[in-house]
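Everything below belongs to run.txt, which stores compact mmCIF, C-alpha atoms.
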```txt
# COMPACT_ATOMS: atom_id res chain seq x y z
CA MET W 13 53.42 69.78 114.77
CA GLY W 14 55.70 71.33 112.15
CA LYS W 15 54.94 71.05 108.50
CA ILE W 16 56.43 71.96 105.16
CA PHE W 17 54.27 73.13 102.31
CA THR W 18 56.38 73.10 99.20
CA THR W 19 59.44 71.54 97.60
CA ALA W 20 62.62 73.47 98.37
CA GLN W 21 66.36 73.18 98.12
CA ALA W 22 69.44 74.62 99.84
CA GLY W 23 73.19 74.13 99.57
CA THR W 24 75.43 73.29 96.63
CA LEU W 25 77.48 70.43 95.26
CA GLU W 26 80.74 72.26 96.02
CA SER W 27 83.34 70.55 98.18
CA SER W 28 82.52 70.75 101.92
CA ASP W 29 78.87 71.54 101.17
CA ILE W 30 75.70 69.46 101.07
CA MET W 31 72.71 69.94 98.78
CA ILE W 32 69.42 69.21 100.47
CA THR W 33 66.05 68.93 98.78
CA VAL W 34 62.85 68.57 100.79
CA VAL W 35 59.43 67.55 99.51
CA PRO W 36 56.19 67.49 101.53
CA ALA W 37 54.94 64.00 102.32
CA ALA W 38 51.42 62.82 103.09
CA GLU W 39 50.41 62.48 106.72
CA GLY W 40 51.56 59.15 108.05
CA ASP W 41 54.34 58.71 105.48
CA GLY W 42 56.96 59.45 108.13
CA VAL W 43 60.50 60.81 107.66
CA ILE W 44 62.19 59.42 104.57
CA ILE W 45 65.81 60.45 104.05
CA GLU W 46 67.74 59.53 100.93
CA LEU W 47 71.44 60.22 101.41
CA GLU W 48 74.41 60.20 99.05
CA SER W 49 77.82 61.07 100.42
CA ILE W 50 81.45 60.91 99.36
CA VAL W 51 82.15 59.81 102.93
CA MET W 52 79.21 57.42 103.26
CA ALA W 53 81.28 54.59 104.71
CA GLN W 54 82.82 56.75 107.41
CA TYR W 55 80.09 59.26 108.25
CA GLY W 56 76.88 58.10 106.59
CA SER W 57 75.14 57.17 109.82
CA ALA W 58 76.30 60.37 111.57
CA ILE W 59 74.98 62.55 108.72
CA ARG W 60 71.67 60.70 108.72
CA LYS W 61 71.43 61.15 112.49
CA THR W 62 72.04 64.91 112.19
CA LEU W 63 69.40 65.28 109.47
CA THR W 64 66.91 63.26 111.52
CA GLU W 65 67.59 65.45 114.56
CA VAL W 66 67.06 68.70 112.66
CA ILE W 67 63.77 67.45 111.22
CA ALA W 68 62.62 66.27 114.67
CA ASP W 69 63.69 69.56 116.31
CA GLN W 70 61.38 71.35 113.91
CA GLY W 71 58.54 69.02 114.87
CA ILE W 72 58.16 67.65 111.36
CA SER W 73 56.86 64.08 111.19
CA ASP W 74 56.23 63.59 107.47
CA ILE W 75 58.81 64.61 104.91
CA TYR W 76 60.88 63.33 102.04
CA MET W 77 64.47 64.61 102.10
CA LYS W 78 67.25 64.01 99.61
CA ALA W 79 70.77 64.99 100.67
CA VAL W 80 73.83 64.92 98.44
CA ASP W 81 76.87 65.42 100.64
CA ARG W 82 80.29 66.59 99.51
CA GLY W 83 82.04 66.26 102.85
CA ALA W 84 80.17 68.92 104.83
CA LEU W 85 80.86 69.49 108.52
CA ASP W 86 78.06 68.80 110.97
CA CYS W 87 77.38 72.54 111.42
CA THR W 88 77.06 72.96 107.63
CA ILE W 89 74.66 70.02 107.41
CA ARG W 90 72.47 71.56 110.11
CA ALA W 91 72.54 75.01 108.49
CA ARG W 92 71.66 73.66 105.04
CA ALA W 93 68.89 71.43 106.39
CA LEU W 94 67.37 74.37 108.28
CA ALA W 95 67.64 76.59 105.18
CA ALA W 96 65.82 73.98 103.07
CA LEU W 97 63.08 73.53 105.69
CA GLY W 98 62.67 77.30 106.05
CA ARG W 99 62.34 77.70 102.30
CA ALA W 100 59.75 74.93 102.27
CA GLY W 101 57.63 76.88 104.71
CA ALA W 102 58.50 75.32 108.08
CA VAL W 103 57.82 77.68 110.94
CA PRO W 104 61.07 78.35 112.77
CA LYS W 105 61.59 76.63 116.12
CA GLY W 106 64.52 76.41 118.51
CA GLU W 107 67.86 76.97 116.86
CA MET W 108 66.25 77.75 113.51
CA LEU W 109 67.18 81.36 113.25
CA MET S 4 93.97 98.08 121.66
CA ASP S 5 93.31 95.04 119.49
CA LEU S 6 95.45 94.17 116.55
CA ARG S 7 93.65 94.65 113.22
CA ARG S 8 96.43 94.78 110.64
CA THR S 9 94.39 92.52 108.37
CA MET S 10 90.65 91.99 108.23
CA LEU S 11 90.01 89.19 105.73
CA PHE S 12 86.67 88.85 103.94
CA ILE S 13 85.30 85.28 103.74
CA PRO S 14 82.20 84.67 101.57
CA GLY S 15 79.36 83.79 103.94
CA ASN S 16 77.73 81.15 101.76
CA ASN S 17 80.87 79.12 101.10
CA PRO S 18 81.25 76.30 103.68
CA SER S 19 84.74 75.39 102.53
CA MET S 20 86.12 78.89 103.05
CA LEU S 21 84.12 79.45 106.24
CA GLN S 22 85.54 76.35 107.90
CA ASN S 23 89.11 77.23 106.91
CA GLY S 24 88.97 80.96 107.71
CA GLY S 25 91.09 80.60 110.82
CA VAL S 26 94.16 79.10 109.16
CA PHE S 27 95.34 82.13 107.21
CA GLY S 28 96.64 84.15 110.15
CA ALA S 29 94.51 87.25 109.57
CA ASP S 30 93.98 89.36 112.69
CA SER S 31 90.25 89.41 111.91
CA VAL S 32 88.06 87.29 109.66
CA ILE S 33 84.98 89.00 108.23
CA LEU S 34 82.26 86.44 107.48
CA ASP S 35 80.42 88.31 104.77
CA VAL S 36 76.67 87.96 104.27
CA GLU S 37 76.40 91.22 102.32
CA ASP S 38 78.09 91.72 98.94
CA ALA S 39 79.50 88.19 98.74
CA VAL S 40 76.03 86.64 98.88
CA ALA S 41 73.32 86.72 96.19
CA PRO S 42 69.94 88.09 97.35
CA GLY S 43 68.28 84.69 96.99
CA GLU S 44 70.87 83.05 99.26
CA LYS S 45 70.77 85.49 102.19
CA ASP S 46 68.75 83.10 104.38
CA ALA S 47 71.11 80.19 103.77
CA ALA S 48 74.25 82.29 104.31
CA ARG S 49 72.89 83.71 107.56
CA LEU S 50 72.29 80.19 108.89
CA LEU S 51 75.68 78.99 107.69
CA VAL S 52 77.54 81.90 109.30
CA ALA S 53 75.57 81.51 112.54
CA HIS S 54 76.48 77.82 112.74
CA ALA S 55 80.09 78.53 111.78
CA LEU S 56 80.41 81.08 114.60
CA ARG S 57 79.22 78.48 117.09
CA ASN S 58 81.26 75.57 115.79
CA VAL S 59 84.35 76.60 113.81
CA ASP S 60 87.58 77.44 115.63
CA TYR S 61 88.94 80.67 114.17
CA GLY S 62 92.07 80.43 116.29
CA ARG S 63 93.59 83.79 117.06
CA SER S 64 91.51 85.61 114.47
CA GLU S 65 88.85 87.96 115.75
CA THR S 66 85.42 87.09 114.31
CA VAL S 67 83.53 89.79 112.45
CA VAL S 68 80.31 89.51 110.45
CA ARG S 69 79.49 92.00 107.71
CA ILE S 70 75.72 92.20 107.84
CA ASN S 71 73.45 93.67 105.19
CA THR S 72 72.17 97.23 105.40
CA LEU S 73 69.28 97.68 107.82
CA ASP S 74 66.87 98.56 105.01
CA THR S 75 67.48 95.18 103.33
CA PHE S 76 68.31 92.06 105.38
CA GLY S 77 70.31 93.70 108.17
CA LYS S 78 67.71 93.47 110.92
CA GLU S 79 67.27 89.71 110.40
CA ASP S 80 71.04 89.34 110.27
CA ILE S 81 71.45 91.08 113.62
CA ARG S 82 68.75 88.95 115.28
CA ALA S 83 70.35 85.73 114.04
CA ILE S 84 74.04 86.57 114.30
CA VAL S 85 74.41 88.53 117.54
CA PRO S 86 73.43 85.62 119.85
CA CYS S 87 76.23 83.59 118.22
CA GLU S 88 78.72 85.99 119.82
CA PRO S 89 80.86 87.35 117.02
CA ASP S 90 83.47 89.79 118.32
CA LEU S 91 82.29 92.53 115.96
CA LEU S 92 79.69 93.42 113.38
CA LEU S 93 80.83 95.35 110.31
CA ILE S 94 77.99 97.69 109.42
CA PRO S 95 78.01 98.59 105.70
CA LYS S 96 77.23 101.94 104.10
CA VAL S 97 77.05 103.88 107.35
CA GLU S 98 76.20 107.50 106.55
CA THR S 99 75.22 109.08 109.85
CA CYS S 100 75.53 108.78 113.57
CA ALA S 101 71.84 107.75 113.58
CA ASP S 102 72.67 104.68 111.44
CA ILE S 103 75.04 103.50 114.16
CA LYS S 104 72.57 104.20 116.94
CA GLU S 105 69.84 102.26 115.12
CA ALA S 106 72.13 99.27 114.51
CA LEU S 107 73.35 99.36 118.08
CA SER S 108 69.88 99.37 119.59
CA LEU S 109 69.04 96.27 117.52
CA VAL S 110 72.30 94.63 118.62
CA ILE S 111 71.58 95.29 122.30
CA GLU S 112 68.06 93.96 121.86
CA ALA S 113 69.43 90.77 120.27
CA GLU S 114 72.11 90.13 122.90
CA GLN S 115 71.38 87.26 125.27
CA PRO S 116 71.78 87.66 129.04
CA GLY S 117 75.42 87.24 130.02
CA GLN S 118 76.83 87.23 126.52
CA LYS S 119 79.91 89.19 125.53
CA PRO S 120 78.91 92.61 124.13
CA VAL S 121 79.20 92.78 120.34
CA ASN S 122 81.15 95.83 119.17
CA LEU S 123 80.84 97.59 115.84
CA VAL S 124 82.99 98.69 112.94
CA ALA S 125 81.43 101.26 110.61
CA LEU S 126 82.17 100.87 106.91
CA LEU S 127 82.15 104.28 105.24
CA GLU S 128 81.59 103.89 101.53
CA THR S 129 79.57 106.91 100.43
CA PRO S 130 80.43 110.62 100.17
CA ARG S 131 77.93 111.31 102.98
CA GLY S 132 79.56 108.69 105.18
CA ILE S 133 82.98 110.27 104.65
CA ALA S 134 81.57 113.73 105.40
CA GLU S 135 80.12 112.39 108.67
CA ALA S 136 83.19 110.30 109.59
CA TYR S 137 83.93 111.93 112.95
CA ASN S 138 80.31 111.89 114.13
CA ILE S 139 80.10 108.22 113.21
CA ALA S 140 83.42 107.41 114.87
CA GLN S 141 82.33 108.90 118.18
CA ALA S 142 78.68 107.79 117.99
CA ASP S 143 79.14 105.19 120.74
CA LYS S 144 81.95 103.57 122.70
CA ARG S 145 81.09 100.26 121.03
CA VAL S 146 82.34 101.63 117.71
CA VAL S 147 85.93 100.39 117.80
CA ALA S 148 86.99 101.27 114.25
CA ILE S 149 85.89 102.93 111.05
CA ALA S 150 86.84 101.48 107.69
CA LEU S 151 86.93 102.93 104.20
CA GLY S 152 85.17 101.15 101.36
CA ALA S 153 86.56 102.88 98.29
CA GLU S 154 84.80 101.01 95.48
CA ASP S 155 81.27 102.21 96.25
CA TYR S 156 82.66 105.59 97.32
CA THR S 157 84.43 106.32 94.02
CA ALA S 158 81.45 105.02 92.07
CA ALA S 159 79.27 107.55 93.91
CA LEU S 160 81.79 110.30 93.21
CA GLY S 161 81.89 109.40 89.55
CA ALA S 162 85.66 109.00 89.80
CA ASN S 163 87.66 106.25 88.17
CA ARG S 164 89.37 103.91 90.60
CA THR S 165 93.10 103.89 89.89
CA LYS S 166 96.05 101.96 91.23
CA ALA S 167 97.68 105.17 92.44
CA GLY S 168 94.57 105.97 94.47
CA THR S 169 94.70 109.77 94.12
CA GLU S 170 90.89 109.78 93.88
CA ILE S 171 90.59 108.42 97.43
CA PHE S 172 93.36 110.45 99.05
CA THR S 173 90.96 112.92 100.68
CA ALA S 174 88.63 110.19 101.95
CA ARG S 175 91.56 108.27 103.37
CA THR S 176 92.91 111.23 105.33
CA ILE S 177 89.42 112.13 106.59
CA VAL S 178 88.86 108.59 107.86
CA VAL S 179 92.26 108.43 109.56
CA ASN S 180 91.80 111.82 111.19
CA ALA S 181 88.23 111.13 112.33
CA ALA S 182 89.25 107.82 113.89
CA ALA S 183 92.26 109.36 115.64
CA ALA S 184 90.11 112.22 116.95
CA ALA S 185 87.63 109.71 118.36
CA GLY S 186 90.39 107.50 119.76
CA ILE S 187 89.53 104.45 117.64
CA GLN S 188 91.17 102.54 114.79
CA SER S 189 91.07 103.34 111.09
CA ILE S 190 91.06 100.50 108.55
CA ASP S 191 91.92 101.06 104.90
CA THR S 192 89.97 99.93 101.83
CA PRO S 193 90.96 96.59 100.26
CA PHE S 194 93.36 96.37 97.35
CA THR S 195 91.17 94.55 94.87
CA ASP S 196 93.69 92.99 92.48
CA ALA S 197 94.65 89.82 94.33
CA ASN S 198 97.28 88.99 91.71
CA ASP S 199 99.22 92.25 92.00
CA GLU S 200 101.45 91.77 95.02
CA GLU S 201 103.66 94.75 94.21
CA GLY S 202 100.65 97.03 93.86
CA LEU S 203 99.33 95.76 97.19
CA LEU S 204 102.64 96.47 98.87
CA GLU S 205 102.76 100.04 97.55
CA ASP S 206 99.13 100.67 98.45
CA THR S 207 99.64 99.33 101.98
CA ILE S 208 102.75 101.46 102.48
CA VAL S 209 100.67 104.53 101.56
CA ALA S 210 97.94 103.47 103.99
CA LYS S 211 100.38 103.03 106.85
CA GLN S 212 102.09 106.31 106.03
CA LEU S 213 98.72 108.10 106.23
CA GLY S 214 98.07 106.59 109.66
CA PHE S 215 95.78 103.62 109.03
CA LYS S 216 96.09 100.83 111.61
CA GLY S 217 95.14 98.03 109.24
CA LYS S 218 93.67 97.08 105.89
CA LEU S 219 90.68 95.14 104.65
CA SER S 220 91.73 92.14 102.60
CA ILE S 221 89.90 90.17 99.93
CA ASN S 222 92.30 87.25 99.54
CA PRO S 223 94.36 85.17 101.99
CA ARG S 224 97.41 85.69 99.76
CA GLN S 225 97.39 89.38 100.73
CA ILE S 226 97.86 88.80 104.45
CA ASP S 227 101.63 88.35 104.63
CA VAL S 228 102.27 91.42 102.47
CA ILE S 229 100.00 93.63 104.59
CA HIS S 230 101.50 92.34 107.84
CA SER S 231 105.00 93.00 106.54
CA VAL S 232 104.10 96.67 106.19
CA PHE S 233 102.22 97.13 109.47
CA ASN S 234 104.67 95.15 111.59
CA PRO S 235 107.33 97.29 113.26
CA THR S 236 110.83 96.79 111.87
CA ALA S 237 113.86 95.94 113.99
CA HIS S 238 114.99 99.54 113.44
CA ASP S 239 111.61 100.86 114.70
CA ILE S 240 111.80 98.72 117.82
CA ASP S 241 115.41 99.67 118.51
CA TRP S 242 114.56 103.38 118.18
CA ALA S 243 111.49 103.03 120.40
CA GLU S 244 113.46 101.25 123.13
CA GLN S 245 116.08 104.01 123.04
CA VAL S 246 113.37 106.67 123.36
CA ILE S 247 111.82 104.97 126.38
CA GLU S 248 115.25 104.51 127.95
CA ALA S 249 116.09 108.19 127.36
CA ILE S 250 112.87 109.43 128.95
CA ARG S 251 113.32 107.08 131.94
CA ARG S 252 116.85 108.35 132.44
CA ALA S 253 115.70 111.97 132.28
CA GLU S 254 112.90 111.31 134.77
CA ALA S 255 115.36 109.60 137.14
CA GLU S 256 117.53 112.68 136.93
CA GLY S 257 114.54 114.88 137.72
CA SER S 258 114.32 116.36 134.26
CA GLY S 259 111.16 116.42 132.15
CA VAL S 260 113.12 116.87 128.96
CA ALA S 261 115.13 114.16 127.26
CA SER S 262 117.10 113.97 124.08
CA LEU S 263 118.17 111.14 121.83
CA ASN S 264 121.03 111.58 119.37
CA GLY S 265 120.63 115.34 119.64
CA LYS S 266 116.85 115.29 118.98
CA MET S 267 114.33 116.34 121.60
CA VAL S 268 112.18 113.55 123.05
CA ASP S 269 108.81 114.98 124.01
CA ALA S 270 105.37 113.49 124.69
CA PRO S 271 104.33 112.79 121.06
CA VAL S 272 107.64 111.04 120.41
CA VAL S 273 107.21 108.95 123.56
CA ASN S 274 103.63 108.09 122.54
CA ARG S 275 104.83 106.92 119.15
CA ALA S 276 107.59 104.84 120.73
CA GLU S 277 105.12 103.30 123.18
CA ARG S 278 102.74 102.41 120.31
CA ILE S 279 105.56 100.67 118.42
CA LEU S 280 106.61 98.69 121.50
CA HIS S 281 103.00 97.80 122.32
CA LEU S 282 102.54 96.42 118.80
CA ALA S 283 105.90 94.63 118.97
CA ARG S 284 104.92 93.01 122.29
CA MET S 285 101.56 91.90 120.91
CA LEU S 286 103.39 90.27 118.02
CA GLY S 287 105.92 88.64 120.31
CA MET S 288 108.77 90.63 118.73
CA VAL S 289 110.03 91.88 122.11
CA LYS S 290 109.70 90.54 125.62
CA GLU S 291 106.92 91.79 127.88
CA ALA S 292 107.89 94.92 129.83
CA GLU S 293 108.91 94.12 133.39
```
What do you get writing this file as structure tokens?
Amino acid sequence: MGKIFTTAQAGTLESSDIMITVVPAAEGDGVIIELESIVMAQYGSAIRKTLTEVIADQGISDIYMKAVDRGALDCTIRARALAALGRAGAVPKGEML
Amino acid sequence: MDLRRTMLFIPGNNPSMLQNGGVFGADSVILDVEDAVAPGEKDAARLLVAHALRNVDYGRSETVVRINTLDTFGKEDIRAIVPCEPDLLLIPKVETCADIKEALSLVIEAEQPGQKPVNLVALLETPRGIAEAYNIAQADKRVVAIALGAEDYTAALGANRTKAGTEIFTARTIVVNAAAAAGIQSIDTPFTDANDEEGLLEDTIVAKQLGFKGKLSINPRQIDVIHSVFNPTAHDIDWAEQVIEAIRRAEAEGSGVASLNGKMVDAPVVNRAERILHLARMLGMVKEAE
């Protein structure tokens, strides 16, 4: 099972980017995602789904993630989420490069 | 031969520019994870560029990634980027044939079964690199071009960089000659003042006159100016068509020698005419040869 060990951040608040902060959670806390987006009404659920997928792909079951989206494409969201997880100490799996 | 009149640098950690890189009409886009990215952001930029290569449509632009030098983050870049199938890698600060061979062996190791081979462009930006230009150019058939990076080069020389560019004249001619001798393309250094369109035009005219096949570019606004210089003119195309017609006529008459307006048409002239027509056809300026 994947795990993160420290608080970490990736991305920016520039247009078309997303800033993602991850914090380790206690075992059993589950995946908690707090999302802000300028396109929340249109894409909020899709962004949340992407973030959930990336976390699951890395085998992480307990994490707190805050994402502040400025209209990022799906590929940017994935890249930033992976960068944040990598910086937090997650061991790379699958598409995590 | 591929068209590389303009090779546009796009900062590798900027999602907005990465996703729009294909709209500017550059022949190549260079997704840059080297100088455009701060050391602490290399991991994030590498991921962003890898995902962009797999998901963003760069249209007719060839995709190139400038990786870091192999003694910094370059090996990780190659492992992550090559499987995403960029057309080329731009290898910075190449100084010897061995640098190319080392990069290439890592590239081959990183390639996935069945993927398109990733070719290389060597960026020569040190006095040693310029001195070794020919050896680098012919190091491997996957090296499709060598490019001059004049900022680092002049800094190493201790020369001031000027608009006239006299301090890089020797390096430019060495790069052009080495590339021609190896049968590959030569790409000129970027013109770094994005607001000086007239200076860019003059600099590009010099580059074309010396024999460069294209120019690195640091701003989308530079693309049209550079293309205007490297594109053949109507007069060029007209002359080239007359040359080809003259040599065809001579061959039909059983003569190996042709003349056009009193000037001899020999093999180098025909080669030049064919190059102009090839470029014009690629740009849709003339119809395909029958």
Quick one: which chain W residues come within 9 Å of chain S, and what is the nearest atom pair for each with the distance in Å to one decimal, counting only C-alpha atoms, rows ordered by chain and ascending number, as a Markdown table?
```
| residue | atom | partner | partner_atom | distance |
| --- | --- | --- | --- | --- |
| W:Ala22 | CA | S:Ala47 | CA | 7.0 |
| W:Gly23 | CA | S:Ala47 | CA | 7.7 |
| W:Glu26 | CA | S:Ser19 | CA | 8.3 |
| W:Ser27 | CA | S:Ser19 | CA | 6.7 |
| W:Ser28 | CA | S:Ser19 | CA | 5.2 |
| W:Asp29 | CA | S:Pro18 | CA | 5.9 |
| W:Ala84 | CA | S:Pro18 | CA | 7.5 |
| W:Leu85 | CA | S:Gln22 | CA | 8.3 |
| W:Asp86 | CA | S:Asn58 | CA | 8.9 |
| W:Cys87 | CA | S:His54 | CA | 5.5 |
| W:Thr88 | CA | S:Leu51 | CA | 6.2 |
| W:Arg90 | CA | S:His54 | CA | 7.9 |
| W:Ala91 | CA | S:Leu51 | CA | 5.1 |
| W:Arg92 | CA | S:Ala47 | CA | 6.7 |
| W:Leu94 | CA | S:Leu50 | CA | 7.6 |
| W:Ala95 | CA | S:Ala47 | CA | 5.2 |
| W:Ala96 | CA | S:Ala47 | CA | 8.2 |
| W:Gly98 | CA | S:Asp46 | CA | 8.6 |
| W:Arg99 | CA | S:Asp46 | CA | 8.6 |
| W:Met108 | CA | S:Leu50 | CA | 8.0 |
| W:Leu109 | CA | S:Ala83 | CA | 5.5 |
```
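Within the 9 Å cut-off around S:Val121, using only C-alpha atoms and omitting residues fewer than 2 positions from it on the same chain, the listed residues are S:Val85, S:Glu88, S:Pro89, S:Asp90, S:Leu91, S:Leu92, S:Val110, S:Ile111, S:Glu114, S:Gln118, S:Lys119, S:Leu123, S:Arg145.
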Kindly export the residues of the current selection with C-alpha atoms, as a PDB file, in the frame of the given file.
```pdb
ATOM      1  CA  VAL S  85      74.410  88.530 117.540  1.00  0.00           C
ATOM      2  CA  GLU S  88      78.720  85.990 119.820  1.00  0.00           C
ATOM      3  CA  PRO S  89      80.860  87.350 117.020  1.00  0.00           C
ATOM      4  CA  ASP S  90      83.470  89.790 118.320  1.00  0.00           C
ATOM      5  CA  LEU S  91      82.290  92.530 115.960  1.00  0.00           C
ATOM      6  CA  LEU S  92      79.690  93.420 113.380  1.00  0.00           C
ATOM      7  CA  VAL S 110      72.300  94.630 118.620  1.00  0.00           C
ATOM      8  CA  ILE S 111      71.580  95.290 122.300  1.00  0.00           C
ATOM      9  CA  GLU S 114      72.110  90.130 122.900  1.00  0.00           C
ATOM     10  CA  GLN S 118      76.830  87.230 126.520  1.00  0.00           C
ATOM     11  CA  LYS S 119      79.910  89.190 125.530  1.00  0.00           C
ATOM     12  CA  LEU S 123      80.840  97.590 115.840  1.00  0.00           C
ATOM     13  CA  ARG S 145      81.090 100.260 121.030  1.00  0.00           C
TER      14      ARG S 145
END
```
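Nearest to W:Gln21 of all the residues W:Ser73, W:Thr33, W:Gln54, W:Thr62 is W:Thr33, based on all atoms listed in the file.
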| task | Mind giving me the straight-line distance from atom CA of S:Asp30 to atom CA of S:Leu73 in Å, one decimal? | result | 26.5 Å
| Separation of atom CA of S:Lys211 from atom CA of S:Phe194, in Å and rounded to one decimal |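 Atom CA of S:Phe194 lies 13.6 Å from atom CA of S:Lys211.
The space between atom CA of S:Ile221 and atom CA of S:Glu128 spans 16.1 Å.
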| request: Take the point (65.2, 57.4, 102.0) in the file's coordinates, draw a sphere of radius 8 Å around it, and report as a list in words every protein, DNA or RNA residue with an atom inside or on it, counting only C-alpha atoms. | output: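 The requested residues, written out, are Ile44, Ile45, Glu46, Leu47, Tyr76, Met77 and Lys78 of chain W.
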| Minimum-distance residue to S:Ala184, chosen among S:Val68, S:Ala136, S:Leu93, S:Met288 (using all atoms listed in the file) |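 Of all the options, S:Ala136 lies closest to S:Ala184.
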| said: For S:Asn198, find every residue with an atom within 12 Å (counting only C-alpha atoms), except residues of its own chain fewer than 4 positions away, and show them as a list in words. | reply: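 Contacts, with the query itself left out: Phe194, Gly202, Leu203, Leu204, Ile221, Asn222, Pro223, Arg224 and Gln225 of chain S.
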| task | Could you please give me, as a PyMOL selection string, the residues of protein, DNA or RNA lying at most 6 Å from (57.8, 72.2, 107.0) in the coordinate frame of the file, considering all atoms listed in the file? | result | chain W and resi 14-17+97+100-102
| Pick from W:Gly42, W:Gly83, W:Gly71, W:Pro104 nearest to W:Ala58, counting all atoms listed in the file |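 Ranked by minimum distance to W:Ala58, first place goes to W:Gly83.
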| field | Long-range neighbours of S:Lys104 as number ranges by chain, 10 Å cut-off, all atoms listed in the file, 4 positions minimum in chain | value | S: 99-100, 108-110, 139, 142-143
Create the file for the chosen residues now, containing C-alpha atoms and written as a PDB file, keeping the file's coordinate frame.
```pdb
ATOM      1  CA  THR S  99      75.220 109.080 109.850  1.00  0.00           C
ATOM      2  CA  CYS S 100      75.530 108.780 113.570  1.00  0.00           C
ATOM      3  CA  SER S 108      69.880  99.370 119.590  1.00  0.00           C
ATOM      4  CA  LEU S 109      69.040  96.270 117.520  1.00  0.00           C
ATOM      5  CA  VAL S 110      72.300  94.630 118.620  1.00  0.00           C
ATOM      6  CA  ILE S 139      80.100 108.220 113.210  1.00  0.00           C
ATOM      7  CA  ALA S 142      78.680 107.790 117.990  1.00  0.00           C
ATOM      8  CA  ASP S 143      79.140 105.190 120.740  1.00  0.00           C
TER       9      ASP S 143
END
```
| For W:Asp41, the nearest of the candidates W:Ala93, W:Asp74, W:Asp81, W:Lys105, counting all atoms listed in the file |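 Using all atoms listed in the file, W:Asp41 sits closest to W:Asp74.
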| note | The residue from W:Val43, W:Ala20, W:Val34, W:Val103 with the smallest atom-to-atom distance to W:Lys61, counting all atoms listed in the file, is W:Val43
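Residue nearest S:Ile33 within the list S:Leu107, S:Ala113, S:Val124, S:Ile81: S:Val124 [criterion: smallest interatomic distance, only C-alpha atoms].
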